[in-house]
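Shown here: data.cif, mmCIF, C-alpha atoms.
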data_final
loop_
_atom_site.label_atom_id
_atom_site.label_comp_id
_atom_site.auth_asym_id
_atom_site.auth_seq_id
_atom_site.Cartn_x
_atom_site.Cartn_y
_atom_site.Cartn_z
CA MET B 123 206.96 -90.20 -27.02
CA SER B 124 210.45 -89.41 -25.70
CA ASN B 125 211.08 -85.99 -24.22
CA PRO B 126 213.79 -84.25 -26.32
CA ILE B 127 215.27 -82.65 -23.19
CA ALA B 128 215.45 -86.02 -21.45
CA VAL B 129 217.03 -87.53 -24.56
CA SER B 130 219.64 -84.78 -24.71
CA ARG B 131 220.54 -85.22 -21.05
CA SER B 132 220.77 -89.01 -21.34
CA ALA B 133 222.96 -88.74 -24.43
CA GLY B 134 225.34 -86.32 -22.74
CA LEU B 135 224.20 -83.37 -24.86
CA SER B 136 224.40 -79.86 -23.49
CA GLY B 137 220.81 -78.68 -23.31
CA ARG B 138 221.91 -75.05 -23.51
CA ALA B 139 224.04 -75.67 -26.61
CA LEU B 140 221.23 -77.61 -28.26
CA ALA B 141 218.64 -74.93 -27.47
CA THR B 142 220.96 -72.16 -28.68
CA LEU B 143 221.65 -73.88 -31.99
CA VAL B 144 217.98 -74.68 -32.59
CA ALA B 145 217.03 -71.05 -31.84
CA LEU B 146 219.72 -69.81 -34.23
CA VAL B 147 218.48 -72.17 -36.95
CA ALA B 148 214.92 -70.87 -36.53
CA ALA B 149 216.01 -67.21 -36.58
CA LEU B 150 218.35 -67.61 -39.55
CA THR B 151 215.77 -69.60 -41.53
CA ALA B 152 213.33 -66.72 -41.12
CA ALA B 153 216.09 -64.25 -42.01
CA VAL B 154 216.91 -66.09 -45.27
CA VAL B 155 213.32 -65.54 -46.40
CA ILE B 156 212.60 -62.08 -44.97
CA ALA B 157 215.86 -60.13 -44.76
CA PRO B 158 217.43 -60.15 -48.29
CA PRO B 159 214.92 -57.75 -49.94
CA MET B 160 215.32 -55.26 -47.08
CA LEU B 161 219.11 -55.57 -46.98
CA ALA B 162 219.40 -55.18 -50.77
CA ALA B 163 217.19 -52.10 -50.92
CA ASN B 164 218.85 -48.81 -50.02
CA GLY B 165 217.94 -45.21 -50.67
CA SER B 166 216.04 -44.84 -53.93
CA ASP B 167 215.88 -48.63 -54.40
CA ARG B 168 213.55 -49.29 -51.46
CA ASP B 169 210.56 -49.73 -53.78
CA LEU B 170 212.26 -52.78 -55.31
CA ALA B 171 211.92 -54.68 -52.02
CA ASN B 172 208.27 -55.11 -53.00
CA ARG B 173 208.12 -57.95 -55.53
CA ARG B 174 205.33 -56.37 -57.56
CA HIS B 175 207.25 -53.11 -57.87
CA LEU B 176 210.37 -55.08 -58.76
CA MET B 177 208.51 -56.90 -61.53
CA ASP B 178 206.96 -53.71 -62.91
CA SER B 179 210.30 -51.87 -62.85
CA LEU B 180 212.09 -54.78 -64.50
CA HIS B 181 209.51 -55.16 -67.27
CA ALA B 182 209.47 -51.47 -68.12
CA ALA B 183 213.27 -51.16 -68.01
CA PHE B 184 213.74 -54.30 -70.11
CA VAL B 185 211.51 -52.95 -72.90
CA THR B 186 213.44 -49.67 -72.83
CA TYR B 187 216.71 -51.57 -73.03
CA TRP B 188 215.61 -53.63 -76.01
CA ARG B 189 214.35 -50.60 -77.89
CA SER B 190 217.53 -48.61 -77.21
CA GLY B 191 219.60 -50.88 -79.44
CA ASP B 192 222.58 -50.54 -77.07
CA ARG B 193 224.59 -53.29 -75.42
CA ASP B 194 225.09 -51.35 -72.18
CA LEU B 195 222.27 -51.41 -69.66
CA PRO B 196 220.29 -48.18 -69.28
CA PRO B 197 220.14 -46.58 -65.80
CA ASP B 198 216.67 -47.96 -64.94
CA LEU B 199 217.64 -51.54 -65.77
CA ASN B 200 221.06 -51.16 -64.17
CA ARG B 201 219.31 -50.08 -60.96
CA VAL B 202 217.27 -53.30 -60.92
CA VAL B 203 220.30 -55.46 -61.74
CA ASP B 204 222.35 -53.83 -58.97
CA TYR B 205 219.54 -54.45 -56.50
CA TRP B 206 219.30 -58.10 -57.60
CA PHE B 207 223.05 -58.52 -57.14
CA ARG B 208 222.82 -57.21 -53.57
CA PHE B 209 219.79 -59.46 -52.97
CA HIS B 210 221.79 -62.55 -53.95
CA VAL B 211 224.81 -61.51 -51.89
CA ALA B 212 222.64 -60.95 -48.80
CA LYS B 213 220.80 -64.23 -49.21
CA ALA B 214 224.02 -66.18 -49.81
CA ALA B 215 225.64 -64.64 -46.72
CA ILE B 216 222.70 -65.43 -44.42
CA ALA B 217 222.35 -68.94 -45.85
CA ALA B 218 226.09 -69.51 -45.33
CA ILE B 219 225.79 -68.56 -41.66
CA LEU B 220 222.76 -70.87 -41.38
CA LEU B 221 224.81 -73.63 -43.03
CA VAL B 222 227.57 -73.28 -40.41
CA VAL B 223 225.03 -73.46 -37.56
CA LEU B 224 223.33 -76.49 -39.12
CA VAL B 225 226.67 -78.29 -39.50
CA ALA B 226 227.41 -77.62 -35.82
CA LEU B 227 223.95 -78.89 -34.83
CA GLY B 228 224.33 -81.97 -37.03
CA VAL B 229 227.73 -82.81 -35.54
CA LEU B 230 226.24 -82.44 -32.06
CA LEU B 231 223.33 -84.77 -32.82
CA TRP B 232 225.28 -87.45 -34.67
CA THR B 233 228.01 -87.46 -32.01
CA ALA B 234 225.33 -87.92 -29.35
CA PHE B 235 223.81 -90.78 -31.37
CA VAL B 236 227.16 -92.55 -31.65
CA ARG B 237 227.74 -92.20 -27.91
CA ALA B 238 224.17 -93.14 -26.94
CA GLY B 239 225.06 -96.56 -25.61
CA GLY B 240 222.96 -96.19 -22.46
CA LEU B 241 219.82 -94.99 -24.23
CA GLY B 242 216.86 -97.13 -25.18
CA LEU B 243 215.85 -97.81 -28.77
CA GLY B 244 213.20 -95.08 -28.79
CA ARG B 245 215.56 -92.37 -27.64
CA ARG B 246 218.25 -93.43 -30.10
CA ALA B 247 215.59 -93.26 -32.82
CA VAL B 248 214.79 -89.68 -31.77
CA LEU B 249 218.45 -88.69 -32.09
CA ALA B 250 218.82 -90.46 -35.45
CA SER B 251 215.63 -88.87 -36.81
CA ALA B 252 216.75 -85.42 -35.66
CA GLY B 253 220.15 -86.01 -37.26
CA VAL B 254 218.60 -87.03 -40.58
CA LEU B 255 216.27 -84.00 -40.52
CA VAL B 256 219.13 -81.60 -39.79
CA THR B 257 221.30 -83.22 -42.48
CA GLY B 258 218.54 -82.74 -45.06
CA PHE B 259 218.08 -79.13 -43.99
CA THR B 260 221.87 -78.63 -44.19
CA LEU B 261 221.91 -79.82 -47.81
CA LEU B 262 219.01 -77.49 -48.63
CA SER B 263 220.87 -74.57 -47.07
CA PHE B 264 223.99 -75.52 -49.03
CA ALA B 265 221.97 -75.49 -52.26
CA VAL B 266 220.63 -72.02 -51.41
CA VAL B 267 224.19 -70.75 -50.89
CA LEU B 268 225.33 -72.15 -54.25
CA ALA B 269 222.30 -70.85 -56.15
CA ASN B 270 222.75 -67.33 -54.79
CA ILE B 271 226.47 -67.27 -55.50
CA GLN B 272 225.55 -68.17 -59.07
CA GLY B 273 222.92 -65.42 -59.13
CA ALA B 274 225.40 -62.85 -57.81
CA ALA B 275 227.91 -63.87 -60.50
CA ALA B 276 225.43 -63.02 -63.27
CA PRO B 277 222.52 -61.01 -61.84
CA PHE B 278 221.15 -59.88 -65.22
CA ALA B 279 220.80 -63.49 -66.41
CA SER B 280 219.29 -64.39 -63.05
CA LEU B 281 216.59 -61.77 -63.67
CA LEU B 282 215.65 -63.02 -67.14
CA PRO B 283 213.16 -65.68 -65.93
CA MET B 284 211.32 -62.86 -64.14
CA VAL B 285 211.08 -60.95 -67.43
CA THR B 286 208.96 -63.76 -68.87
CA GLU B 287 206.80 -64.07 -65.75
CA ARG B 288 203.24 -62.86 -66.38
CA PRO B 289 204.05 -60.40 -69.24
CA THR B 290 200.73 -58.52 -69.39
CA ASP B 291 202.07 -55.38 -71.04
CA ARG B 292 201.73 -55.35 -74.85
CA ALA B 293 205.13 -53.69 -75.27
CA LEU B 294 206.78 -56.46 -73.25
CA THR B 295 205.02 -59.30 -75.07
CA GLY B 296 206.06 -57.71 -78.37
CA THR B 297 209.65 -57.46 -77.18
CA LEU B 298 209.68 -61.11 -76.10
CA ASP B 299 208.26 -62.14 -79.49
CA GLN B 300 211.06 -60.28 -81.28
CA ILE B 301 213.70 -61.93 -79.08
CA ARG B 302 212.25 -65.39 -79.71
CA GLN B 303 212.16 -64.78 -83.46
CA LEU B 304 215.80 -63.66 -83.55
CA LEU B 305 216.98 -66.58 -81.44
CA THR B 306 215.01 -69.05 -83.55
CA ALA B 307 216.57 -67.60 -86.71
CA GLY B 308 220.05 -67.71 -85.14
CA ASP B 309 220.38 -63.94 -85.52
CA ARG B 310 222.49 -62.48 -82.69
CA SER B 311 223.41 -59.21 -84.39
CA THR B 312 221.37 -57.15 -81.91
CA PRO B 313 223.72 -55.75 -79.20
CA ALA B 314 221.18 -56.28 -76.42
CA LEU B 315 220.74 -59.92 -77.42
CA GLN B 316 224.52 -60.39 -77.51
CA ALA B 317 224.67 -59.05 -73.94
CA MET B 318 221.92 -61.44 -72.81
CA VAL B 319 223.61 -64.44 -74.41
CA GLY B 320 226.95 -63.45 -72.88
CA ASP B 321 225.50 -63.05 -69.39
CA PHE B 322 223.56 -66.30 -69.74
CA THR B 323 226.82 -68.05 -70.65
CA ARG B 324 228.52 -66.53 -67.61
CA TYR B 325 225.59 -67.61 -65.42
CA HIS B 326 226.01 -71.28 -66.30
CA ALA B 327 229.82 -71.13 -66.45
CA ALA B 328 229.78 -69.82 -62.89
CA PHE B 329 227.84 -72.87 -61.77
CA VAL B 330 230.31 -75.15 -63.54
CA VAL B 331 233.01 -73.75 -61.24
CA ILE B 332 230.73 -73.87 -58.18
CA ALA B 333 229.62 -77.45 -58.84
CA ALA B 334 233.21 -78.57 -59.53
CA ILE B 335 234.31 -77.21 -56.14
CA ALA B 336 231.33 -78.92 -54.50
CA ALA B 337 232.23 -82.19 -56.25
CA VAL B 338 235.79 -82.04 -54.89
CA ALA B 339 234.45 -81.32 -51.39
CA PHE B 340 231.97 -84.22 -51.49
CA ILE B 341 234.58 -86.62 -52.90
CA SER B 342 236.95 -85.63 -50.08
CA LEU B 343 234.18 -86.18 -47.54
CA SER B 344 233.44 -89.58 -49.07
CA VAL B 345 237.09 -90.63 -48.87
CA LEU B 346 237.24 -89.48 -45.24
CA CYS B 347 234.06 -91.35 -44.28
CA TRP B 348 235.03 -94.62 -45.95
CA THR B 349 238.59 -94.44 -44.56
CA ARG B 350 237.27 -93.97 -41.03
CA PHE B 351 234.67 -96.69 -41.64
CA ALA B 352 237.43 -99.15 -42.59
CA LYS B 353 239.41 -98.27 -39.45
CA ALA B 354 236.44 -98.41 -37.05
CA GLU B 355 236.19 -101.39 -34.71
CA PRO B 356 233.53 -103.94 -35.82
CA ALA B 357 232.00 -103.73 -32.35
CA ASP B 358 231.41 -99.99 -32.76
CA ARG B 359 228.25 -100.52 -34.77
CA ARG B 360 226.73 -97.06 -34.41
CA SER B 361 229.91 -95.31 -35.58
CA ARG B 362 230.17 -97.64 -38.56
CA ARG B 363 226.49 -97.13 -39.37
CA VAL B 364 226.82 -93.33 -39.34
CA LEU B 365 230.06 -93.38 -41.35
CA ARG B 366 228.55 -95.74 -43.91
CA TRP B 367 225.43 -93.57 -44.22
CA PHE B 368 227.48 -90.41 -44.78
CA GLY B 369 229.82 -92.28 -47.11
CA VAL B 370 226.94 -93.33 -49.36
CA LEU B 371 225.35 -89.87 -49.15
CA SER B 372 228.59 -88.12 -50.09
CA VAL B 373 229.06 -90.45 -53.09
CA LEU B 374 225.55 -89.60 -54.32
CA LEU B 375 226.17 -85.89 -53.78
CA SER B 376 229.49 -86.15 -55.65
CA LEU B 377 227.71 -87.74 -58.62
CA THR B 378 225.03 -85.05 -58.51
CA ALA B 379 227.67 -82.31 -58.52
CA ILE B 380 229.53 -83.94 -61.42
CA LEU B 381 226.28 -84.19 -63.40
CA SER B 382 225.67 -80.49 -62.68
CA VAL B 383 229.13 -79.68 -64.07
CA VAL B 384 228.36 -81.60 -67.26
CA ALA B 385 224.85 -80.17 -67.65
CA ASN B 386 225.88 -76.56 -67.08
CA SER B 387 228.92 -76.93 -69.34
CA SER B 388 226.60 -78.12 -72.09
CA VAL B 389 224.25 -75.17 -71.57
CA ALA B 390 227.12 -72.66 -71.45
CA ALA B 391 228.46 -74.07 -74.72
CA ASP B 392 225.11 -73.51 -76.45
CA SER B 393 223.70 -70.50 -74.63
CA PRO B 394 221.54 -69.15 -77.49
CA ARG B 395 219.48 -72.36 -77.62
CA ALA B 396 219.18 -72.44 -73.83
CA LEU B 397 218.18 -68.77 -73.79
CA LEU B 398 215.51 -69.49 -76.40
CA GLY B 399 214.19 -72.24 -74.15
CA LEU B 400 213.99 -69.76 -71.29
CA PHE B 401 212.04 -67.22 -73.35
CA GLU B 402 209.73 -70.01 -74.51
CA GLY B 403 208.96 -70.87 -70.90
CA GLY B 404 211.33 -73.83 -70.52
CA TRP B 405 213.42 -72.46 -67.60
#

This structure in structure tokens:
Amino acid sequence: MSNPIAVSRSAGLSGRALATLVALVAALTAAVVIAPPMLAANGSDRDLANRRHLMDSLHAAFVTYWRSGDRDLPPDLNRVVDYWFRFHVAKAAIAAILLVVLVALGVLLWTAFVRAGGLGLGRRAVLASAGVLVTGFTLLSFAVVLANIQGAAAPFASLLPMVTERPTDRALTGTLDQIRQLLTAGDRSTPALQAMVGDFTRYHAAFVVIAAIAAVAFISLSVLCWTRFAKAEPADRRSRRVLRWFGVLSVLLSLTAILSVVANSSVAADSPRALLGLFEGGW
């Protein structure tokens, strides 16, 4: 098996730059998982950093909200929603930093692969495999950023799937039954239900905007890749191979983003039915 350090030296890679970027990726990946609950919790909200306490607080506050008959969130539920907003902001910010580092690492690896004329087949395969792995991880990080921007745009709607998660309390199960019955009957006269439908609409409308921006970015990347592919010298096979690979990938990602725009537009246009599906376990 090829030594990664030897491969990096042979390909003209800076070992220090490579090691720094890999270390940053590892640290930021851990931070995406561990840090958001701690960063979102402050003062009296520190108990919410524990998922079980978060669930218990949400369930109790949601029942109180439903029984109040008001559209505005009561203090206990507002506290949970505010925490969840900060959670999404923290996670999106860390994931965005991770995304930047991954892009830099990917550029480093793919550039080294293109310039790896003096390397053997095995070492070029190591660089290509590392590039593919980092590209996949970059797309995952990008998806995390988008999902958490959406969650921050409508944190109450983002919490609703958690309301239906393991409802062991009789008061909560009764509340969920009432909501399902009203949605099935098409009755949205309850102020709390109107608020839920409105926030659920905003949740999916936000992703329409996010996915549309992503679609434009991927289409632009596709145009850039295919333009550079057409201009590349036929003898420069590795450059053409990388450009073609990214050109195809960006086309597929563009189509995925466009489908997301269509799907979320459809859900936003018929939020009550989609909300009923959520409360029936179809999220």

I want to know what sits within 8 Å of Leu365 of chain B, based on all atoms listed in the file, with residues of the same chain fewer than 6 positions away left out; could you give that as a tab-separated table (two decimals) with C-alpha atoms, keeping the file's coordinate frame?
chain	number	residue	atom	x	y	z
B	347	CYS	CA	234.06	-91.35	-44.28
B	348	TRP	CA	235.03	-94.62	-45.95
B	350	ARG	CA	237.27	-93.97	-41.03
B	351	PHE	CA	234.67	-96.69	-41.64

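Using only C-alpha atoms, the shortest contact distance between Val202 of chain B and any of B:Pro277, B:Gly369, B:Gly258, B:Pro158 is found at B:Pro277.
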
Pairwise distance, atom CA of Leu400 of chain B with atom CA of Ala336 of chain B, equals 25.8 Å

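Atom CA of Ala214 of chain B lies 18.4 Å from atom CA of Arg324 of chain B.
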
Please report as a Markdown table every residue of segment 189-285 of chain B lying within 10 Å of segment 291-315 of chain B, along with the nearest atom pair and their distance in Å (one decimal), using only C-alpha atoms.
| residue | atom | partner | partner_atom | distance |
| --- | --- | --- | --- | --- |
| B:Arg189 | CA | B:Thr297 | CA | 8.3 |
| B:Ser190 | CA | B:Ala314 | CA | 8.5 |
| B:Gly191 | CA | B:Pro313 | CA | 6.4 |
| B:Asp192 | CA | B:Pro313 | CA | 5.7 |
| B:Arg193 | CA | B:Pro313 | CA | 4.6 |
| B:Asp194 | CA | B:Ala314 | CA | 7.6 |
| B:Leu195 | CA | B:Ala314 | CA | 8.4 |
| B:Val285 | CA | B:Leu294 | CA | 8.5 |

Only C-alpha atoms, please: the residues just picked out, written as a PDB file, in the frame of the given file.
ATOM      1  CA  ARG B 189     214.350 -50.600 -77.890  1.00  0.00           C
ATOM      2  CA  SER B 190     217.530 -48.610 -77.210  1.00  0.00           C
ATOM      3  CA  GLY B 191     219.600 -50.880 -79.440  1.00  0.00           C
ATOM      4  CA  ASP B 192     222.580 -50.540 -77.070  1.00  0.00           C
ATOM      5  CA  ARG B 193     224.590 -53.290 -75.420  1.00  0.00           C
ATOM      6  CA  ASP B 194     225.090 -51.350 -72.180  1.00  0.00           C
ATOM      7  CA  LEU B 195     222.270 -51.410 -69.660  1.00  0.00           C
ATOM      8  CA  VAL B 285     211.080 -60.950 -67.430  1.00  0.00           C
TER       9      VAL B 285
END

Do you know which residues are at most 12 Å from Thr349 of chain B counting only C-alpha atoms, after dropping those on the same chain fewer than 5 positions away, and could you put them as a VMD selection string? chain B and resid 342 to 344 354 362 365 to 366 368 to 369

Taking every listed atom of segment 262-266 of chain B and adding 3 Å to each side, what centre and edge lengths in Å (one decimal) does the axis-aligned box have, as JSON?
{"center_x": 221.5, "center_y": -74.8, "center_z": -49.7, "size_x": 11.0, "size_y": 11.5, "size_z": 11.2}

List the residues matched by the PyMOL selection byres ((chain B and resi 389) around 12) in the displayed structure as number ranges by chain, ordered by chain and then by residue number. B: 319, 322-330, 382-388, 390-400, 405

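In this structure, atom CA of Leu375 of chain B sits 29.2 Å away from atom CA of Ala157 of chain B.
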
Please evaluate the PyMOL selection byres ((chain B and resi 145-156) around 6) against the displayed coordinates and give the resulting residues as a tab-separated table (two decimals) with C-alpha atoms, in the frame of the given file.
chain	number	residue	atom	x	y	z
B	142	THR	CA	220.96	-72.16	-28.68
B	143	LEU	CA	221.65	-73.88	-31.99
B	144	VAL	CA	217.98	-74.68	-32.59
B	157	ALA	CA	215.86	-60.13	-44.76
B	213	LYS	CA	220.80	-64.23	-49.21
B	216	ILE	CA	222.70	-65.43	-44.42
B	220	LEU	CA	222.76	-70.87	-41.38

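The residue that comes closest to Ala217 of chain B, out of B:Ala234, B:Leu346, B:Ala352, B:Val266 and on the basis of only C-alpha atoms, is B:Val266.
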
Evaluate the PyMOL selection byres ((chain B and resi 281) around 10) and record the selected residues as number ranges by chain, following the chain and residue labels used in the document. B: 177, 180, 202-203, 206-207, 273, 276-280, 282-286

Using only C-alpha atoms, can you list as a list in words the residues within 10 Å of (216.2, -49.1, -65.0)?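 Residues found, by chain and rising number: Ser179, Leu180, His181, Ala182, Ala183, Phe184, Val185, Thr186, Tyr187, Leu195, Pro196, Pro197, Asp198, Leu199, Asn200, Arg201, Val202, Val203 and Asp204 of chain B.
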
If you count only C-alpha atoms, which residues fall within 8 Å of Thr260 of chain B, apart from same-chain ones fewer than 5 positions away, as a CSV table (one decimal) with C-alpha atoms, in the frame of the given file?
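Saved the output as around_7.csv:
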chain,number,residue,atom,x,y,z
B,221,LEU,CA,224.8,-73.6,-43.0
B,224,LEU,CA,223.3,-76.5,-39.1
B,225,VAL,CA,226.7,-78.3,-39.5

Which residues, written as a PyMOL selection string, have at least one atom at most 6 Å from Ala379 of chain B, with only C-alpha atoms counted and residues fewer than 3 positions away on the same chain left out? chain B and resi 333+337+376+382

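Shortest separation to Ala218 of chain B among B:Leu261, B:Leu231, B:Leu255, B:Leu243 occurs at residue B:Leu261, atoms counted being only C-alpha atoms.
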
Shortest interatomic distance to Leu140 of chain B - which of B:Gly228, B:Gly403, B:Pro356, B:Gly244, counting all atoms listed in the file: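 Closest to Leu140 of chain B of all the choices is B:Gly228.
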
List the spatial neighbours of Ala250 of chain B as a PyMOL selection string - criterion: any atom at most 12 Å away, all atoms listed in the file, same-chain residues fewer than 6 positions off excluded. chain B and resi 129+133+228-238+243-244+256-257+360+363-364+367

Output C-alpha atoms of each residue in that selection to a file, as an mmCIF file, keeping the file's coordinate frame.
data_model
loop_
_atom_site.group_PDB
_atom_site.id
_atom_site.type_symbol
_atom_site.label_atom_id
_atom_site.label_comp_id
_atom_site.auth_asym_id
_atom_site.auth_seq_id
_atom_site.Cartn_x
_atom_site.Cartn_y
_atom_site.Cartn_z
ATOM 1 C CA VAL B 129 217.030 -87.530 -24.560
ATOM 2 C CA ALA B 133 222.960 -88.740 -24.430
ATOM 3 C CA GLY B 228 224.330 -81.970 -37.030
ATOM 4 C CA VAL B 229 227.730 -82.810 -35.540
ATOM 5 C CA LEU B 230 226.240 -82.440 -32.060
ATOM 6 C CA LEU B 231 223.330 -84.770 -32.820
ATOM 7 C CA TRP B 232 225.280 -87.450 -34.670
ATOM 8 C CA THR B 233 228.010 -87.460 -32.010
ATOM 9 C CA ALA B 234 225.330 -87.920 -29.350
ATOM 10 C CA PHE B 235 223.810 -90.780 -31.370
ATOM 11 C CA VAL B 236 227.160 -92.550 -31.650
ATOM 12 C CA ARG B 237 227.740 -92.200 -27.910
ATOM 13 C CA ALA B 238 224.170 -93.140 -26.940
ATOM 14 C CA LEU B 243 215.850 -97.810 -28.770
ATOM 15 C CA GLY B 244 213.200 -95.080 -28.790
ATOM 16 C CA VAL B 256 219.130 -81.600 -39.790
ATOM 17 C CA THR B 257 221.300 -83.220 -42.480
ATOM 18 C CA ARG B 360 226.730 -97.060 -34.410
ATOM 19 C CA ARG B 363 226.490 -97.130 -39.370
ATOM 20 C CA VAL B 364 226.820 -93.330 -39.340
ATOM 21 C CA TRP B 367 225.430 -93.570 -44.220
#

Of the candidates B:Val248, B:Ile335, B:Ala275, B:Ala357, which shows the shortest atom-to-atom distance to Asp321 of chain B, using only C-alpha atoms? B:Ala275

For Ala163 of chain B, the nearest of the candidates B:Ala274, B:Val222, B:Ala212, B:Val331, counting only C-alpha atoms: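 Smallest distance to Ala163 of chain B is found for B:Ala212.
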